[in-house]
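Below: model21.cif (mmCIF, C-alpha atoms)
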```
data_input
#
loop_
_atom_site.label_atom_id
_atom_site.label_comp_id
_atom_site.auth_asym_id
_atom_site.auth_seq_id
_atom_site.Cartn_x
_atom_site.Cartn_y
_atom_site.Cartn_z
CA MET A 285 -21.64 5.69 6.04
CA SER A 286 -18.57 3.54 6.54
CA THR A 287 -15.24 5.34 6.49
CA TYR A 288 -13.46 5.38 3.12
CA HIS A 289 -10.55 7.58 4.11
CA THR A 290 -10.03 10.10 6.91
CA PRO A 291 -7.95 13.16 5.94
CA VAL A 292 -5.28 13.73 8.58
CA MET A 293 -5.01 17.52 8.15
CA LEU A 294 -8.60 18.42 7.31
CA LYS A 295 -8.78 21.69 9.24
CA GLU A 296 -5.36 22.83 8.07
CA VAL A 297 -6.20 22.16 4.41
CA ALA A 298 -9.52 24.01 4.64
CA GLU A 299 -7.85 26.97 6.29
CA GLY A 300 -5.02 26.91 3.75
CA LEU A 301 -7.58 27.08 0.94
CA GLU A 302 -9.17 30.08 2.68
CA VAL A 303 -12.62 28.77 1.78
CA ARG A 304 -15.14 31.58 1.37
CA GLU A 305 -18.88 31.36 0.86
CA GLY A 306 -19.95 31.35 -2.78
CA LYS A 307 -16.41 30.84 -4.12
CA ASN A 308 -15.39 27.94 -6.39
CA TYR A 309 -12.98 25.16 -5.42
CA ILE A 310 -11.64 21.97 -6.96
CA ASP A 311 -10.82 18.80 -5.02
CA ALA A 312 -8.53 17.17 -7.58
CA THR A 313 -8.32 13.87 -5.65
CA ILE A 314 -11.70 13.62 -3.97
CA GLY A 315 -11.23 10.13 -2.50
CA GLY A 316 -13.95 9.60 0.08
CA GLY A 317 -14.95 13.27 -0.01
CA GLY A 318 -13.55 14.36 3.35
CA HIS A 319 -12.01 17.62 2.09
CA SER A 320 -14.97 18.25 -0.20
CA VAL A 321 -17.54 18.02 2.59
CA GLU A 322 -15.52 20.51 4.62
CA ILE A 323 -15.38 22.90 1.66
CA LEU A 324 -19.17 22.70 1.31
CA LYS A 325 -19.64 23.19 5.05
CA ARG A 326 -17.64 26.41 4.83
CA GLY A 327 -19.84 27.70 2.03
CA GLY A 328 -17.73 26.89 -1.02
CA ARG A 329 -18.94 25.48 -4.33
CA LEU A 330 -17.15 22.35 -5.50
CA LEU A 331 -15.90 20.35 -8.44
CA GLY A 332 -14.52 16.98 -7.33
CA ILE A 333 -12.27 14.77 -9.50
CA ASP A 334 -10.89 11.27 -9.01
CA ALA A 335 -9.46 8.56 -11.26
CA ASP A 336 -10.84 5.75 -9.08
CA PRO A 337 -14.46 4.75 -9.92
CA GLU A 338 -14.94 3.37 -6.39
CA ALA A 339 -13.91 6.72 -4.91
CA ILE A 340 -16.34 8.56 -7.18
CA GLU A 341 -19.22 6.34 -6.09
CA PHE A 342 -18.42 6.68 -2.39
CA ALA A 343 -17.78 10.42 -2.52
CA ARG A 344 -21.05 11.12 -4.31
CA GLU A 345 -23.03 9.25 -1.67
CA ASN A 346 -21.01 10.91 1.09
CA LEU A 347 -21.73 14.41 -0.22
CA LYS A 348 -25.40 13.60 -0.75
CA SER A 349 -25.83 12.30 2.79
CA SER A 350 -23.86 15.22 4.22
CA CYS A 351 -26.05 17.72 2.38
CA GLU A 352 -29.13 15.97 3.74
CA ALA A 353 -27.96 15.78 7.34
CA GLY A 354 -25.16 18.27 7.88
CA SER A 355 -24.90 21.93 8.75
CA ARG A 356 -22.46 24.57 7.62
CA LEU A 357 -20.17 26.38 10.02
CA ALA A 358 -22.44 29.34 9.35
CA GLY A 359 -25.86 28.43 7.93
CA GLN A 360 -27.07 25.17 6.44
CA ILE A 361 -25.44 22.72 4.05
CA SER A 362 -28.75 20.90 3.60
CA ASN A 363 -29.89 23.18 0.77
CA LEU A 364 -26.87 22.42 -1.45
CA LYS A 365 -27.70 20.47 -4.59
CA GLU A 366 -25.68 18.24 -6.90
CA GLU A 367 -24.90 19.86 -10.27
CA LYS A 368 -25.88 23.31 -8.92
CA ASP A 369 -23.48 23.61 -5.96
CA TRP A 370 -21.24 20.58 -6.39
CA LYS A 371 -20.30 18.09 -9.06
CA ILE A 372 -18.09 14.99 -9.12
CA ILE A 373 -16.32 13.81 -12.28
CA GLN A 374 -14.31 10.66 -12.89
CA GLY A 375 -11.05 11.59 -14.55
CA ASN A 376 -7.33 12.06 -14.05
CA PHE A 377 -6.19 15.40 -12.66
CA ARG A 378 -3.56 15.52 -15.40
CA GLU A 379 -6.53 16.82 -17.43
CA ILE A 380 -7.76 19.21 -14.76
CA GLY A 381 -7.87 22.12 -17.20
CA LYS A 382 -10.09 20.27 -19.68
CA ILE A 383 -12.32 18.87 -16.93
CA ALA A 384 -12.72 22.30 -15.30
CA ARG A 385 -13.63 24.01 -18.60
CA GLU A 386 -16.10 21.29 -19.61
CA ASN A 387 -17.88 21.68 -16.27
CA GLY A 388 -17.94 25.47 -16.17
CA CYS A 389 -15.46 25.66 -13.31
CA ILE A 390 -12.99 28.37 -14.36
CA ASN A 391 -11.46 31.17 -12.29
CA VAL A 392 -11.55 28.96 -9.21
CA ASP A 393 -10.38 30.26 -5.84
CA GLY A 394 -8.56 27.17 -4.58
CA ILE A 395 -7.49 23.66 -5.56
CA VAL A 396 -6.45 20.78 -3.30
CA PHE A 397 -4.36 17.77 -4.38
CA ASP A 398 -4.25 15.02 -1.72
CA LEU A 399 -1.67 12.75 -3.33
CA GLY A 400 -1.06 9.05 -2.71
CA VAL A 401 -3.49 6.24 -1.97
CA SER A 402 -6.41 6.07 0.43
CA SER A 403 -6.83 3.68 3.33
CA HIS A 404 -9.73 2.10 1.40
CA GLN A 405 -7.48 1.30 -1.54
CA LEU A 406 -4.84 -0.19 0.76
CA ASP A 407 -7.45 -2.27 2.58
CA THR A 408 -9.17 -3.62 -0.56
CA SER A 409 -7.33 -6.84 -1.42
CA ALA A 410 -8.47 -7.01 -5.05
CA ARG A 411 -6.68 -3.75 -5.88
CA GLY A 412 -3.22 -5.11 -5.05
CA PHE A 413 -1.99 -1.91 -3.39
CA SER A 414 -0.85 -3.68 -0.23
CA TYR A 415 1.56 -6.59 0.20
CA ARG A 416 -0.58 -7.81 3.12
CA PHE A 417 -2.88 -9.81 0.81
CA ALA A 418 -0.82 -12.62 -0.68
CA GLN A 419 -3.39 -13.82 -3.24
CA ALA A 420 -4.29 -10.37 -4.54
CA PRO A 421 -3.58 -9.67 -8.21
CA LEU A 422 -0.56 -7.44 -8.71
CA ASP A 423 -2.65 -4.63 -10.19
CA LEU A 424 -1.96 -1.25 -8.50
CA ARG A 425 -4.01 0.80 -10.99
CA LEU A 426 -6.02 3.71 -9.64
CA ASP A 427 -8.50 3.13 -12.47
CA GLN A 428 -8.69 -0.56 -13.31
CA THR A 429 -10.44 0.19 -16.62
CA GLN A 430 -7.40 2.04 -17.95
CA GLY A 431 -3.81 1.08 -18.70
CA THR A 432 -2.10 -2.16 -17.74
CA PRO A 433 -1.55 -3.70 -14.28
CA ALA A 434 1.74 -3.64 -12.42
CA SER A 435 2.23 -7.34 -13.19
CA ASP A 436 2.89 -6.34 -16.81
CA ILE A 437 5.77 -4.14 -15.67
CA VAL A 438 7.20 -6.86 -13.42
CA ASN A 439 6.99 -9.51 -16.11
CA THR A 440 8.06 -7.60 -19.23
CA PHE A 441 10.40 -4.74 -18.28
CA SER A 442 14.15 -5.20 -18.57
CA LYS A 443 16.44 -5.44 -15.56
CA ASP A 444 17.65 -1.87 -16.15
CA GLU A 445 14.08 -0.57 -16.40
CA LEU A 446 13.05 -2.33 -13.18
CA TYR A 447 16.15 -1.00 -11.43
CA GLU A 448 15.26 2.54 -12.53
CA ILE A 449 11.73 2.20 -11.16
CA PHE A 450 12.78 0.89 -7.75
CA ALA A 451 15.72 3.27 -7.40
CA ARG A 452 13.97 6.39 -8.66
CA PHE A 453 10.43 6.02 -7.34
CA GLY A 454 11.23 4.02 -4.21
CA GLU A 455 14.77 5.17 -3.43
CA GLU A 456 15.49 1.50 -2.82
CA GLN A 457 19.17 0.72 -2.21
CA LEU A 458 18.68 -2.93 -3.19
CA ALA A 459 16.98 -2.04 -6.48
CA GLY A 460 19.55 -3.90 -8.59
CA ALA A 461 19.40 -7.11 -6.57
CA ILE A 462 15.59 -7.10 -6.53
CA ALA A 463 15.42 -6.50 -10.28
CA ASP A 464 17.86 -9.37 -10.84
CA VAL A 465 15.78 -11.85 -8.79
CA ILE A 466 12.60 -10.74 -10.59
CA ILE A 467 14.19 -11.52 -13.95
CA ARG A 468 15.36 -14.97 -12.81
CA THR A 469 12.02 -15.81 -11.17
CA ARG A 470 9.79 -14.84 -14.08
CA ARG A 471 11.77 -17.04 -16.46
CA MET A 472 10.28 -20.00 -14.62
CA LYS A 473 6.86 -18.56 -13.78
CA PRO A 474 5.19 -15.15 -14.25
CA ILE A 475 4.79 -13.03 -11.10
CA GLN A 476 1.05 -12.32 -11.00
CA THR A 477 0.18 -11.75 -7.33
CA THR A 478 1.32 -9.52 -4.50
CA GLY A 479 2.44 -12.65 -2.67
CA GLY A 480 4.56 -13.64 -5.64
CA LEU A 481 6.36 -10.31 -5.53
CA VAL A 482 6.78 -10.56 -1.76
CA ALA A 483 8.40 -13.96 -2.22
CA VAL A 484 10.86 -12.45 -4.70
CA VAL A 485 11.84 -9.55 -2.44
CA SER A 486 12.15 -11.98 0.48
CA GLN A 487 14.98 -13.71 -1.36
CA VAL A 488 16.94 -10.46 -1.22
CA VAL A 489 15.94 -9.16 2.22
CA LYS A 490 16.02 -11.79 4.98
CA ASN A 491 15.38 -9.59 8.04
CA SER A 492 11.62 -9.32 8.70
CA MET A 493 11.72 -5.73 9.96
CA ARG A 494 13.79 -4.58 7.02
CA LEU A 495 11.62 -6.60 4.65
CA ARG A 496 8.47 -4.63 5.49
CA ALA A 497 10.21 -1.32 4.82
CA THR A 498 11.63 -2.62 1.55
CA LEU A 499 8.25 -3.94 0.43
CA SER A 500 6.66 -0.55 1.13
CA ARG A 501 9.21 1.14 -1.12
CA VAL A 502 8.91 -1.49 -3.86
CA PHE A 503 5.11 -1.34 -3.95
CA GLN A 504 5.17 2.46 -3.87
CA ALA A 505 7.59 2.53 -6.79
CA LEU A 506 5.48 0.12 -8.84
CA ARG A 507 2.31 2.10 -8.10
CA ILE A 508 3.93 5.34 -9.23
CA ALA A 509 5.19 3.71 -12.43
CA THR A 510 1.93 1.90 -13.17
CA ASN A 511 -0.12 5.09 -12.91
CA ASP A 512 2.54 7.44 -14.36
CA GLU A 513 1.98 9.53 -11.26
CA LEU A 514 4.84 11.99 -11.59
CA THR A 515 3.77 12.96 -15.12
CA ASN A 516 0.22 13.37 -13.84
CA ILE A 517 1.41 15.68 -11.08
CA ARG A 518 3.56 17.81 -13.39
CA GLU A 519 0.80 18.26 -15.95
CA GLY A 520 -1.95 18.69 -13.34
CA LEU A 521 -0.10 21.39 -11.41
CA ALA A 522 0.76 23.29 -14.59
CA GLN A 523 -2.87 23.30 -15.70
CA ALA A 524 -4.07 24.20 -12.20
CA TYR A 525 -2.50 27.63 -12.51
CA ASP A 526 -4.53 28.26 -15.67
CA VAL A 527 -7.89 27.68 -13.98
CA LEU A 528 -7.16 29.66 -10.80
CA ALA A 529 -8.71 33.10 -10.50
#
```
For the structure just supplied, provide its representation as structure tokens.
Amino acid sequence: MSTYHTPVMLKEVAEGLEVREGKNYIDATIGGGGHSVEILKRGGRLLGIDADPEAIEFARENLKSSCEAGSRLAGQISNLKEEKDWKIIQGNFREIGKIARENGCINVDGIVFDLGVSSHQLDTSARGFSYRFAQAPLDLRLDQTQGTPASDIVNTFSKDELYEIFARFGEEQLAGAIADVIIRTRRMKPIQTTGGLVAVVSQVVKNSMRLRATLSRVFQALRIATNDELTNIREGLAQAYDVLA
């Protein structure tokens, strides 16, 4: 299969989880399934969760192919079956308690949250996660069937609200100036694409090297706000304690 996302600390995460054969684990942000495959290889049973429908589809195929072709560190992974030994559910980990109970996954022995976006999401122009694709819609939603795109925030929030987003979620020192230019620009024409937002930020930051860093912070801040990520983390972590053994 093509690579969806390669976890950078795969071994360390698996060892931190202390995966044991026959024990239950939750991958709360399954992505391409890299951590999940490693859990299965080490003998664990798995419930995988992700808000992104594309991630769910890829991870399911990845786990299926791994179970058909792979081998455990000790024994075989090839006899593991979907529903019996592993299951993948589309949902937000802010409801991890509800999802775990509905799927009979209580008293689990470890949970992994791999926060942020995947390389696949950054490299898919239609998702709008990266400023590299000028014509991409300014979307930034992890699940494009839920909520509203980032363009709604950019085009409807007040200057103070935009400043709060860029300053709080991006720690951007030029948050006020960027918010001001957004307000002035959208009075003439709505900002609907990633390129449109880049053009706005470029009016504030002239240096190309500094511009890239600023854009990274601005897009990160908008992504966090669009998906209400900090609330998701707070609620997900609190519920995680309730389903741990």
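Our summary of the geometry notes that CA of Asp526 (chain A) is positioned 21.3 Å from CA of Ala298 (chain A).
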*Quick one: pull the distance between CA of Ala343 (chain A) and CA of Gly327 (chain A), Å, one decimal.*
18.0 Å
*asked:* What's the separation between CA of Ser349 (chain A) and CA of Val321 (chain A), in Å to one decimal place?
replied: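 It comes out at 10.1 Å.
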_Here's the selection I'm unsure about, the PyMOL selection byres ((chain A and resi 326) around 7); applied to the file above, which residues does it give, as number ranges by chain?_
A: 303-305, 322-325, 327-328, 356-357
*Could you tell me, as a ChimeraX atom specification, which residues have any atom at most 12 Å from (10.5, -5.0, 3.6), counting only C-alpha atoms?*
/A:415-416,454,456-458,462,481-504
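Compared by their closest atoms to Glu519 (chain A), and using all atoms listed in the file, the residues A:Met472, A:Ile380, A:Ala463, A:Ile390 rank with A:Ile380 nearest.
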*Please provide as an MDAnalysis selection string all residues within 12 Å of Leu426 (chain A), with the sequence filter that same-chain residues fewer than 6 positions apart are discarded (counting only C-alpha atoms).*
chainID A and resid 313 315 334:340 374:376 399:402 404:406 410:413 432:434 507:513
*When distances are computed from only C-alpha atoms, which of A:Ala418, A:Ile517, A:Val396, A:Val527 shows the smallest separation from Glu296 (chain A)?*
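Checking each of A:Ala418, A:Ile517, A:Val396, A:Val527 against Glu296 (chain A), counting only C-alpha atoms, the winner is A:Val396.
For Phe417 (chain A), the non-local neighbours within 8 Å, defined as residues at least 6 positions apart in the same chain or in other chains and counting only C-alpha atoms, are Ser409, Thr478 and Gly479 of chain A.
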*asked:* From the options A:Leu506, A:Asp407, A:Arg385, A:Ala524, which residue's atoms come nearest to Glu445 (chain A), counting only C-alpha atoms?
replied: A:Leu506
_Chain and number of each residue from the PyMOL selection byres ((chain A and resi 331) around 8), as an MDAnalysis selection string_ = chainID A and resid 308:311 329:330 332:333 370:373 384 389
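For the residues A:Gly394, A:Ser435, A:Ser442, A:Gly318, ranking by smallest atom-to-atom distance to Glu302 (chain A) using all atoms listed in the file places A:Gly394 first.
Of the residues listed (A:Gln476, A:Asn439, A:Thr429, A:Asn391), A:Asn391 shows the shortest atom-to-atom separation from Lys307 (chain A); distances use all atoms listed in the file.
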Coords for region 315-414 of chain A, C-alpha atoms, as a PDB file, in the first residue's frame:
```
ATOM      1  CA  GLY A 315      -4.499   7.801  10.957  1.00  0.00           C
ATOM      2  CA  GLY A 316      -2.900   5.362   8.530  1.00  0.00           C
ATOM      3  CA  GLY A 317      -2.764   2.615  11.152  1.00  0.00           C
ATOM      4  CA  GLY A 318       0.973   2.624  11.843  1.00  0.00           C
ATOM      5  CA  HIS A 319       0.675   2.407  15.636  1.00  0.00           C
ATOM      6  CA  SER A 320      -2.255  -0.001  15.368  1.00  0.00           C
ATOM      7  CA  VAL A 321      -0.373  -2.496  13.208  1.00  0.00           C
ATOM      8  CA  GLU A 322       2.476  -2.477  15.710  1.00  0.00           C
ATOM      9  CA  ILE A 323       0.044  -3.115  18.570  1.00  0.00           C
ATOM     10  CA  LEU A 324      -1.397  -6.098  16.698  1.00  0.00           C
ATOM     11  CA  LYS A 325       2.077  -7.399  15.874  1.00  0.00           C
ATOM     12  CA  ARG A 326       2.887  -7.399  19.590  1.00  0.00           C
ATOM     13  CA  GLY A 327      -0.214  -9.418  20.371  1.00  0.00           C
ATOM     14  CA  GLY A 328      -2.620  -6.708  21.510  1.00  0.00           C
ATOM     15  CA  ARG A 329      -6.297  -6.399  20.643  1.00  0.00           C
ATOM     16  CA  LEU A 330      -7.326  -3.057  19.181  1.00  0.00           C
ATOM     17  CA  LEU A 331     -10.040  -0.445  18.889  1.00  0.00           C
ATOM     18  CA  GLY A 332      -9.063   2.284  16.418  1.00  0.00           C
ATOM     19  CA  ILE A 333     -10.780   5.696  16.222  1.00  0.00           C
ATOM     20  CA  ASP A 334     -10.410   8.609  13.814  1.00  0.00           C
ATOM     21  CA  ALA A 335     -12.508  11.614  12.824  1.00  0.00           C
ATOM     22  CA  ASP A 336     -11.236  11.575   9.231  1.00  0.00           C
ATOM     23  CA  PRO A 337     -13.201   9.240   6.893  1.00  0.00           C
ATOM     24  CA  GLU A 338     -10.190   8.956   4.571  1.00  0.00           C
ATOM     25  CA  ALA A 339      -8.025   7.787   7.474  1.00  0.00           C
ATOM     26  CA  ILE A 340     -10.618   5.188   8.455  1.00  0.00           C
ATOM     27  CA  GLU A 341     -10.714   3.771   4.936  1.00  0.00           C
ATOM     28  CA  PHE A 342      -6.930   3.617   4.612  1.00  0.00           C
ATOM     29  CA  ALA A 343      -6.355   2.197   8.091  1.00  0.00           C
ATOM     30  CA  ARG A 344      -8.889  -0.580   7.597  1.00  0.00           C
ATOM     31  CA  GLU A 345      -7.208  -1.695   4.378  1.00  0.00           C
ATOM     32  CA  ASN A 346      -3.787  -1.364   5.996  1.00  0.00           C
ATOM     33  CA  LEU A 347      -4.747  -3.585   8.933  1.00  0.00           C
ATOM     34  CA  LYS A 348      -6.413  -6.122   6.650  1.00  0.00           C
ATOM     35  CA  SER A 349      -3.356  -6.404   4.409  1.00  0.00           C
ATOM     36  CA  SER A 350      -1.033  -6.558   7.419  1.00  0.00           C
ATOM     37  CA  CYS A 351      -3.057  -9.378   8.954  1.00  0.00           C
ATOM     38  CA  GLU A 352      -2.888 -11.249   5.668  1.00  0.00           C
ATOM     39  CA  ALA A 353       0.834 -10.804   5.100  1.00  0.00           C
ATOM     40  CA  GLY A 354       2.495  -9.881   8.376  1.00  0.00           C
ATOM     41  CA  SER A 355       3.900 -11.747  11.332  1.00  0.00           C
ATOM     42  CA  ARG A 356       3.895 -10.915  15.014  1.00  0.00           C
ATOM     43  CA  LEU A 357       7.083 -10.385  16.967  1.00  0.00           C
ATOM     44  CA  ALA A 358       6.212 -13.718  18.555  1.00  0.00           C
ATOM     45  CA  GLY A 359       3.759 -15.834  16.537  1.00  0.00           C
ATOM     46  CA  GLN A 360       1.540 -14.858  13.635  1.00  0.00           C
ATOM     47  CA  ILE A 361      -0.597 -11.800  12.992  1.00  0.00           C
ATOM     48  CA  SER A 362      -2.226 -13.514  10.015  1.00  0.00           C
ATOM     49  CA  ASN A 363      -4.919 -15.174  12.134  1.00  0.00           C
ATOM     50  CA  LEU A 364      -6.257 -11.877  13.534  1.00  0.00           C
ATOM     51  CA  LYS A 365      -9.745 -10.989  12.336  1.00  0.00           C
ATOM     52  CA  GLU A 366     -11.667  -7.730  12.047  1.00  0.00           C
ATOM     53  CA  GLU A 367     -14.418  -7.356  14.679  1.00  0.00           C
ATOM     54  CA  LYS A 368     -12.939 -10.224  16.739  1.00  0.00           C
ATOM     55  CA  ASP A 369      -9.399  -8.905  17.338  1.00  0.00           C
ATOM     56  CA  TRP A 370      -9.591  -5.370  15.987  1.00  0.00           C
ATOM     57  CA  LYS A 371     -12.201  -2.808  15.066  1.00  0.00           C
ATOM     58  CA  ILE A 372     -12.062   0.674  13.532  1.00  0.00           C
ATOM     59  CA  ILE A 373     -14.711   3.314  14.230  1.00  0.00           C
ATOM     60  CA  GLN A 374     -15.149   6.757  12.709  1.00  0.00           C
ATOM     61  CA  GLY A 375     -15.664   9.270  15.488  1.00  0.00           C
ATOM     62  CA  ASN A 376     -14.057  12.020  17.516  1.00  0.00           C
ATOM     63  CA  PHE A 377     -11.949  10.964  20.487  1.00  0.00           C
ATOM     64  CA  ARG A 378     -13.773  13.571  22.573  1.00  0.00           C
ATOM     65  CA  GLU A 379     -16.372  10.763  22.789  1.00  0.00           C
ATOM     66  CA  ILE A 380     -13.856   8.015  23.495  1.00  0.00           C
ATOM     67  CA  GLY A 381     -15.799   6.814  26.533  1.00  0.00           C
ATOM     68  CA  LYS A 382     -19.040   6.372  24.590  1.00  0.00           C
ATOM     69  CA  ILE A 383     -17.263   4.782  21.619  1.00  0.00           C
ATOM     70  CA  ALA A 384     -15.363   2.357  23.865  1.00  0.00           C
ATOM     71  CA  ARG A 385     -18.506   1.268  25.741  1.00  0.00           C
ATOM     72  CA  GLU A 386     -20.552   0.826  22.561  1.00  0.00           C
ATOM     73  CA  ASN A 387     -17.840  -1.438  21.150  1.00  0.00           C
ATOM     74  CA  GLY A 388     -17.234  -3.503  24.266  1.00  0.00           C
ATOM     75  CA  CYS A 389     -13.787  -2.042  24.847  1.00  0.00           C
ATOM     76  CA  ILE A 390     -13.700  -1.232  28.569  1.00  0.00           C
ATOM     77  CA  ASN A 391     -10.909  -1.794  31.094  1.00  0.00           C
ATOM     78  CA  VAL A 392      -8.320  -1.240  28.371  1.00  0.00           C
ATOM     79  CA  ASP A 393      -4.610  -1.541  29.118  1.00  0.00           C
ATOM     80  CA  GLY A 394      -3.330   1.382  27.063  1.00  0.00           C
ATOM     81  CA  ILE A 395      -4.441   4.303  24.890  1.00  0.00           C
ATOM     82  CA  VAL A 396      -2.397   6.290  22.375  1.00  0.00           C
ATOM     83  CA  PHE A 397      -3.242   9.807  21.134  1.00  0.00           C
ATOM     84  CA  ASP A 398      -1.075  10.884  18.171  1.00  0.00           C
ATOM     85  CA  LEU A 399      -2.180  14.510  17.931  1.00  0.00           C
ATOM     86  CA  GLY A 400      -1.938  16.864  14.955  1.00  0.00           C
ATOM     87  CA  VAL A 401      -2.325  16.190  11.243  1.00  0.00           C
ATOM     88  CA  SER A 402      -0.907  13.442   9.074  1.00  0.00           C
ATOM     89  CA  SER A 403       1.385  13.845   6.092  1.00  0.00           C
ATOM     90  CA  HIS A 404      -1.490  12.608   3.901  1.00  0.00           C
ATOM     91  CA  GLN A 405      -3.747  15.406   5.088  1.00  0.00           C
ATOM     92  CA  LEU A 406      -1.015  17.990   4.477  1.00  0.00           C
ATOM     93  CA  ASP A 407      -0.326  16.601   1.005  1.00  0.00           C
ATOM     94  CA  THR A 408      -3.991  16.430  -0.104  1.00  0.00           C
ATOM     95  CA  SER A 409      -4.724  19.803  -1.693  1.00  0.00           C
ATOM     96  CA  ALA A 410      -8.518  19.579  -1.410  1.00  0.00           C
ATOM     97  CA  ARG A 411      -8.336  19.492   2.393  1.00  0.00           C
ATOM     98  CA  GLY A 412      -6.743  22.940   2.684  1.00  0.00           C
ATOM     99  CA  PHE A 413      -4.370  21.988   5.507  1.00  0.00           C
ATOM    100  CA  SER A 414      -1.302  23.327   3.725  1.00  0.00           C
TER     101      SER A 414
END
```
